[in-house]
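Q: query30.cif is the file, holding mmCIF, C-alpha atoms:
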```cif
data_coords
loop_
_atom_site.label_atom_id
_atom_site.label_comp_id
_atom_site.auth_asym_id
_atom_site.auth_seq_id
_atom_site.Cartn_x
_atom_site.Cartn_y
_atom_site.Cartn_z
CA MET A 1 -11.69 5.43 -3.28
CA LYS A 2 -11.41 7.24 -6.62
CA ASN A 3 -13.28 10.18 -5.09
CA THR A 4 -10.87 10.16 -2.13
CA SER A 5 -7.91 10.30 -4.49
CA GLN A 6 -9.36 13.32 -6.30
CA GLU A 7 -10.28 15.07 -3.04
CA TYR A 8 -6.79 14.35 -1.69
CA ASP A 9 -5.18 15.83 -4.79
CA ALA A 10 -7.35 18.96 -4.56
CA ILE A 11 -6.34 19.56 -0.92
CA ILE A 12 -2.66 18.96 -1.70
CA ALA A 13 -2.85 21.36 -4.65
CA ILE A 14 -3.94 24.12 -2.24
CA CYS A 15 -1.15 23.24 0.20
CA ARG A 16 1.51 22.99 -2.51
CA ASP A 17 0.46 26.32 -4.01
CA LEU A 18 0.96 28.03 -0.64
CA PHE A 19 4.28 26.22 -0.14
CA VAL A 20 5.58 27.42 -3.52
CA LYS A 21 4.39 30.99 -2.91
CA LYS A 22 6.14 31.05 0.48
CA MET A 23 9.27 29.63 -1.14
CA LYS A 24 9.20 32.58 -3.54
CA ASP A 25 8.71 35.03 -0.65
CA TYR A 26 11.14 33.54 1.88
CA GLY A 27 13.31 31.06 0.01
CA SER A 28 14.23 27.89 1.83
CA ALA A 29 14.99 29.53 5.19
CA TRP A 30 13.14 26.59 6.77
CA ARG A 31 16.08 24.35 5.80
CA ILE A 32 17.95 25.49 8.93
CA LEU A 33 15.21 24.11 11.22
CA ARG A 34 16.04 21.01 13.20
CA LEU A 35 13.39 18.30 13.38
CA PRO A 36 12.30 19.17 16.94
CA SER A 37 11.68 22.75 15.78
CA LEU A 38 9.47 21.53 12.93
CA THR A 39 7.70 19.15 15.30
CA ASP A 40 7.04 22.04 17.67
CA GLN A 41 5.64 24.17 14.83
CA ILE A 42 3.25 21.35 13.92
CA TYR A 43 2.35 20.97 17.60
CA ILE A 44 1.46 24.67 17.83
CA LYS A 45 -0.80 24.32 14.78
CA ALA A 46 -2.53 21.23 16.19
CA GLN A 47 -3.02 22.85 19.59
CA ARG A 48 -4.53 25.92 17.91
CA ILE A 49 -6.95 23.70 15.99
CA ARG A 50 -7.96 22.00 19.22
CA SER A 51 -8.46 25.39 20.85
CA LEU A 52 -10.60 26.55 17.91
CA GLN A 53 -12.67 23.38 18.22
CA GLU A 54 -13.22 23.79 21.95
CA ASN A 55 -13.69 27.55 22.32
CA ASP A 56 -16.84 29.36 21.27
CA VAL A 57 -15.13 32.76 21.21
CA ARG A 58 -12.42 33.50 18.64
CA LYS A 59 -10.34 36.64 18.89
CA ILE A 60 -8.80 36.07 15.44
CA ASP A 61 -11.23 35.39 12.61
CA GLU A 62 -9.58 32.29 11.15
CA ASP A 63 -10.74 28.73 10.84
CA GLU A 64 -9.06 25.36 11.14
CA ARG A 65 -8.23 24.95 7.46
CA GLY A 66 -5.22 27.26 7.51
CA GLU A 67 -3.79 25.39 10.47
CA PHE A 68 -4.31 22.00 8.78
CA ILE A 69 -2.49 23.36 5.72
CA GLY A 70 0.35 24.36 8.05
CA ILE A 71 0.47 20.85 9.51
CA ILE A 72 0.68 19.37 6.03
CA ASN A 73 3.40 21.74 4.82
CA TYR A 74 5.52 21.59 7.98
CA SER A 75 5.28 17.78 7.94
CA ILE A 76 6.52 17.74 4.36
CA MET A 77 9.38 20.03 5.35
CA ALA A 78 10.23 17.57 8.13
CA LEU A 79 10.24 14.66 5.68
CA ILE A 80 12.58 16.64 3.42
CA GLN A 81 14.83 17.41 6.38
CA LEU A 82 14.91 13.70 7.27
CA GLU A 83 16.12 12.95 3.74
CA LEU A 84 18.55 15.83 3.19
CA GLY A 85 19.65 16.65 6.71
CA ILE A 86 19.68 20.13 8.21
CA ALA A 87 21.34 22.93 6.22
CA ASP A 88 23.43 25.75 7.66
CA GLN A 89 22.00 28.14 5.09
CA PRO A 90 19.02 28.09 2.72
CA ASP A 91 20.12 25.81 -0.10
CA LEU A 92 17.07 24.91 -2.21
CA ASP A 93 15.55 26.86 -5.03
CA THR A 94 11.80 26.81 -5.56
CA THR A 95 11.95 24.24 -8.36
CA LYS A 96 13.99 21.72 -6.34
CA ALA A 97 11.90 22.28 -3.20
CA ALA A 98 8.68 21.74 -5.17
CA GLN A 99 10.12 18.54 -6.66
CA LEU A 100 10.99 17.25 -3.19
CA TYR A 101 7.50 18.27 -2.00
CA ASP A 102 5.97 16.25 -4.84
CA ASP A 103 8.17 13.23 -4.04
CA LYS A 104 7.12 13.24 -0.38
CA ILE A 105 3.44 13.64 -1.28
CA LYS A 106 3.63 10.80 -3.78
CA MET A 107 4.94 8.45 -1.08
CA THR A 108 2.48 9.75 1.51
CA LYS A 109 -0.50 9.42 -0.82
CA ALA A 110 0.52 5.85 -1.67
CA LEU A 111 0.58 5.07 2.05
CA MET A 112 -2.87 6.65 2.42
CA GLU A 113 -4.25 4.59 -0.46
CA ASP A 114 -2.88 1.34 1.03
CA LYS A 115 -4.26 2.10 4.49
CA ASN A 116 -7.52 3.42 3.06
CA HIS A 117 -7.97 0.14 1.22
CA ASP A 118 -7.33 -1.91 4.35
CA TYR A 119 -9.43 0.29 6.67
CA GLY A 120 -12.29 0.80 4.22
CA GLU A 121 -12.31 4.60 4.48
CA ALA A 122 -13.28 4.46 8.15
CA TRP A 123 -12.00 8.04 8.51
CA ARG A 124 -15.12 9.28 6.70
CA GLU A 125 -17.14 8.38 9.82
CA MET A 126 -14.77 10.18 12.15
CA ARG A 127 -15.09 13.65 13.60
CA VAL A 128 -12.60 16.35 12.69
CA SER A 129 -11.89 16.70 16.41
CA SER A 130 -10.84 13.03 16.55
CA LEU A 131 -8.45 13.54 13.63
CA THR A 132 -7.01 16.51 15.51
CA ASP A 133 -6.49 14.33 18.57
CA LEU A 134 -4.77 11.68 16.45
CA ILE A 135 -2.42 14.32 15.05
CA LEU A 136 -1.61 15.46 18.59
CA GLN A 137 -0.99 11.85 19.62
CA LYS A 138 1.38 11.39 16.66
CA LEU A 139 3.18 14.58 17.68
CA LEU A 140 3.68 13.31 21.21
CA ARG A 141 5.05 10.08 19.77
CA VAL A 142 7.45 11.99 17.52
CA LYS A 143 8.61 14.12 20.46
CA GLN A 144 9.34 10.94 22.44
CA ILE A 145 11.25 9.41 19.52
CA GLU A 146 13.21 12.67 19.16
CA ASP A 147 13.97 12.59 22.89
CA ASN A 148 15.18 9.00 22.38
CA LYS A 149 17.56 10.25 19.64
CA GLY A 150 15.50 8.53 16.93
CA LYS A 151 15.70 5.08 18.48
CA THR A 152 12.63 2.86 18.64
CA ILE A 153 12.28 -0.73 19.80
CA VAL A 154 9.13 -1.90 18.01
CA SER A 155 7.54 1.28 16.69
CA GLU A 156 7.48 2.86 13.27
CA GLY A 157 9.91 5.70 12.74
CA ILE A 158 9.45 9.44 12.69
CA ASP A 159 8.83 9.54 8.93
CA ALA A 160 5.74 7.31 9.18
CA ASN A 161 4.34 9.55 11.91
CA TYR A 162 4.80 12.67 9.78
CA GLN A 163 3.11 10.89 6.88
CA ASP A 164 0.18 9.92 9.10
CA MET A 165 -0.17 13.53 10.25
CA ILE A 166 -0.29 14.70 6.64
CA ASN A 167 -2.96 12.15 5.83
CA TYR A 168 -5.05 12.93 8.92
CA ALA A 169 -4.87 16.64 8.11
CA VAL A 170 -5.98 16.00 4.52
CA PHE A 171 -8.84 13.84 5.78
CA ALA A 172 -9.88 16.61 8.17
CA MET A 173 -9.90 19.16 5.36
CA ILE A 174 -11.97 16.83 3.16
CA LEU A 175 -14.48 16.40 6.00
CA ILE A 176 -14.61 20.15 6.65
CA ALA A 177 -15.26 20.79 2.94
CA SER A 178 -17.99 18.15 2.78
CA ASN A 179 -19.72 19.65 5.84
CA SER A 180 -19.65 23.23 4.53
#
```
Since I need it in another form, could you write the structure as structure tokens?
A:
Amino acid sequence: MKNTSQEYDAIIAICRDLFVKKMKDYGSAWRILRLPSLTDQIYIKAQRIRSLQENDVRKIDEDERGEFIGIINYSIMALIQLELGIADQPDLDTTKAAQLYDDKIKMTKALMEDKNHDYGEAWREMRVSSLTDLILQKLLRVKQIEDNKGKTIVSEGIDANYQDMINYAVFAMILIASNS
């Protein structure tokens, strides 16, 4: 598990670095996005990954890693939006956004560590394509919860689904790196 924690941190460092750089380029323009818009952005990324996994021919020379980074960063944005609400105008500076990013990752990593303990790192035996499918399943669940105006009867909320997507995407990136 110690190795998983270090691998997790290395993946998140890459994602956070890109998040901060984009904050410097674009500011917090993403703060105006409603949750369904963020969910749809994540869905596009996951569908692209699935397409890359299924198609032998690629017209754009990119791999899955960039899309998994997008899933992680958009999911963190969604978690921040859940906490702060939607803004009418960009309202976060880079320092505050990075602090919120770190807070969300800290909670998400703790969830991963708890589940990883209980499941015995079963994800290490999974295929990246299965992790992609699980992300897509989580997205469909989130879309249904959004359509239900956030109401669930017995299911976990939207935040837990975003956290699971982050963790599945990190796992996928760890597996990709170990197979390279």
Q: Can you pull out every residue within 12 Å of A:Ala10, counting all atoms listed in the file, but drop anything in the same chain fewer than 6 positions away, and send it as a ChimeraX atom specification?
A: /A:3-4,16-17,170-171,173-174,177
Q: What's around A:Ile145 at 12 Å? Count only C-alpha atoms, leave out sequence neighbours fewer than 5 positions away in its own chain, and write the answer as an mmCIF file with C-alpha atoms, keeping the file's coordinate frame.
A:
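This went into around_14.cif:
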```cif
data_model
loop_
_atom_site.group_PDB
_atom_site.id
_atom_site.type_symbol
_atom_site.label_atom_id
_atom_site.label_comp_id
_atom_site.auth_asym_id
_atom_site.auth_seq_id
_atom_site.Cartn_x
_atom_site.Cartn_y
_atom_site.Cartn_z
ATOM 1 C CA LEU A 35 13.390 18.300 13.380
ATOM 2 C CA PRO A 36 12.300 19.170 16.940
ATOM 3 C CA THR A 39 7.700 19.150 15.300
ATOM 4 C CA LYS A 138 1.380 11.390 16.660
ATOM 5 C CA LEU A 139 3.180 14.580 17.680
ATOM 6 C CA LEU A 140 3.680 13.310 21.210
ATOM 7 C CA GLY A 150 15.500 8.530 16.930
ATOM 8 C CA LYS A 151 15.700 5.080 18.480
ATOM 9 C CA THR A 152 12.630 2.860 18.640
ATOM 10 C CA ILE A 153 12.280 -0.730 19.800
ATOM 11 C CA VAL A 154 9.130 -1.900 18.010
ATOM 12 C CA SER A 155 7.540 1.280 16.690
ATOM 13 C CA GLU A 156 7.480 2.860 13.270
ATOM 14 C CA GLY A 157 9.910 5.700 12.740
ATOM 15 C CA ILE A 158 9.450 9.440 12.690
ATOM 16 C CA ASP A 159 8.830 9.540 8.930
ATOM 17 C CA ALA A 160 5.740 7.310 9.180
ATOM 18 C CA ASN A 161 4.340 9.550 11.910
#
```
Q: Using all atoms listed in the file, determine which residues lie at most 10 Å from A:Asp91, disregarding the query and same-chain residues fewer than 5 positions distant; provide the list as a ChimeraX atom specification.
A: /A:27-32,96-97
Q: For the point (7.2, 26.8, 3.8) in file coordinates, what residues are within 7 Å, counting only C-alpha atoms? Give the answer as a PDB file with C-alpha atoms, keeping the file's coordinate frame?
A:
```pdb
ATOM      1  CA  PHE A  19       4.280  26.220  -0.140  1.00  0.00           C
ATOM      2  CA  LYS A  22       6.140  31.050   0.480  1.00  0.00           C
ATOM      3  CA  MET A  23       9.270  29.630  -1.140  1.00  0.00           C
ATOM      4  CA  TRP A  30      13.140  26.590   6.770  1.00  0.00           C
ATOM      5  CA  ASN A  73       3.400  21.740   4.820  1.00  0.00           C
ATOM      6  CA  TYR A  74       5.520  21.590   7.980  1.00  0.00           C
TER       7      TYR A  74
END
```
Q: Once the PyMOL selection byres ((chain A and resi 71) around 10) has been evaluated on this model, what residues remain selected, and can you format them as a ChimeraX atom specification?
A: /A:15,38-39,41-46,65-70,72-77,135,162,165-166,168-170
Q: Which is closer to A:Arg127 than all the others in A:Ala172, A:Val20, A:Ile14, A:Ala78, using all atoms listed in the file?
A: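 Closest to A:Arg127, using all atoms listed in the file: A:Ala172.
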Q: Let me make sure I understand: among A:Met112, A:Ala122, A:Val142, A:Leu92, which one has the smallest atom-to-atom distance to A:Ser37 if we use all atoms listed in the file?
A: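 Distance minimum relative to A:Ser37 lands on A:Val142.
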Q: Have a look at atom CA of A:Thr132 and atom CA of A:Ser51 and let me know their distance in Å, one decimal.
A: 10.5 Å
Q: Please measure the separation of atom CA of A:Tyr119 and atom CA of A:Lys104, giving the value in Å to one decimal.
A: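 Calculated distance between atom CA of A:Tyr119 and atom CA of A:Lys104 is 22.2 Å.
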Q: Let me make sure I understand: among A:Arg124, A:Ile49, A:Gln163, A:Asp56, which one has the smallest atom-to-atom distance to A:Lys106 if we use only C-alpha atoms?
A: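 Of A:Arg124, A:Ile49, A:Gln163, A:Asp56, the one nearest A:Lys106 is A:Gln163, counting only C-alpha atoms.
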Q: For atom CA of A:Leu136 and atom CA of A:Gln99, determine how far apart the two atoms are, in Å to one decimal place.
A: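 Interatomic distance here is 28.0 Å.
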Q: Given the PyMOL selection byres ((chain A and resi 53) around 10) and the file above, list the residues it selects as a list in words.
A: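 Going through the file, the PyMOL selection byres ((chain A and resi 53) around 10) ends up selecting Gln47, Arg48, Ile49, Arg50, Ser51, Leu52, Glu54, Asn55, Asp56, Asp63, Glu64, Val128, Ser129 and Thr132 of chain A.
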Q: Output as a compact mmCIF listing (two decimals), keeping the file's coordinate frame: stretch 143-154 of chain A, completed with N, CA, C and O atoms.
A:
```
# COMPACT_ATOMS: atom_id res chain seq x y z
N LYS A 143 7.79 13.46 19.43
CA LYS A 143 8.61 14.12 20.46
C LYS A 143 9.35 13.09 21.30
O LYS A 143 10.53 13.27 21.62
N GLN A 144 8.68 11.99 21.65
CA GLN A 144 9.34 10.94 22.44
C GLN A 144 10.46 10.29 21.64
O GLN A 144 11.55 10.05 22.16
N ILE A 145 10.21 10.01 20.37
CA ILE A 145 11.25 9.41 19.52
C ILE A 145 12.42 10.38 19.39
O ILE A 145 13.59 9.97 19.46
N GLU A 146 12.13 11.67 19.23
CA GLU A 146 13.21 12.67 19.16
C GLU A 146 14.00 12.69 20.46
O GLU A 146 15.23 12.74 20.44
N ASP A 147 13.29 12.63 21.59
CA ASP A 147 13.97 12.59 22.89
C ASP A 147 14.82 11.34 23.04
O ASP A 147 15.83 11.35 23.75
N ASN A 148 14.41 10.26 22.37
CA ASN A 148 15.18 9.00 22.38
C ASN A 148 16.24 8.97 21.27
O ASN A 148 16.74 7.90 20.95
N LYS A 149 16.54 10.13 20.71
CA LYS A 149 17.56 10.25 19.64
C LYS A 149 17.24 9.39 18.42
O LYS A 149 18.13 8.84 17.78
N GLY A 150 15.93 9.25 18.12
CA GLY A 150 15.50 8.53 16.93
C GLY A 150 15.38 7.02 17.10
O GLY A 150 14.98 6.33 16.18
N LYS A 151 15.73 6.52 18.25
CA LYS A 151 15.70 5.08 18.48
C LYS A 151 14.31 4.61 18.87
O LYS A 151 13.65 5.22 19.70
N THR A 152 13.88 3.52 18.24
CA THR A 152 12.63 2.86 18.64
C THR A 152 12.93 1.37 18.80
O THR A 152 13.88 0.85 18.22
N ILE A 153 12.10 0.71 19.58
CA ILE A 153 12.28 -0.73 19.80
C ILE A 153 11.38 -1.51 18.85
O ILE A 153 11.83 -2.40 18.13
N VAL A 154 10.09 -1.17 18.86
CA VAL A 154 9.13 -1.90 18.01
C VAL A 154 8.27 -0.96 17.18
O VAL A 154 7.44 -1.43 16.40
```
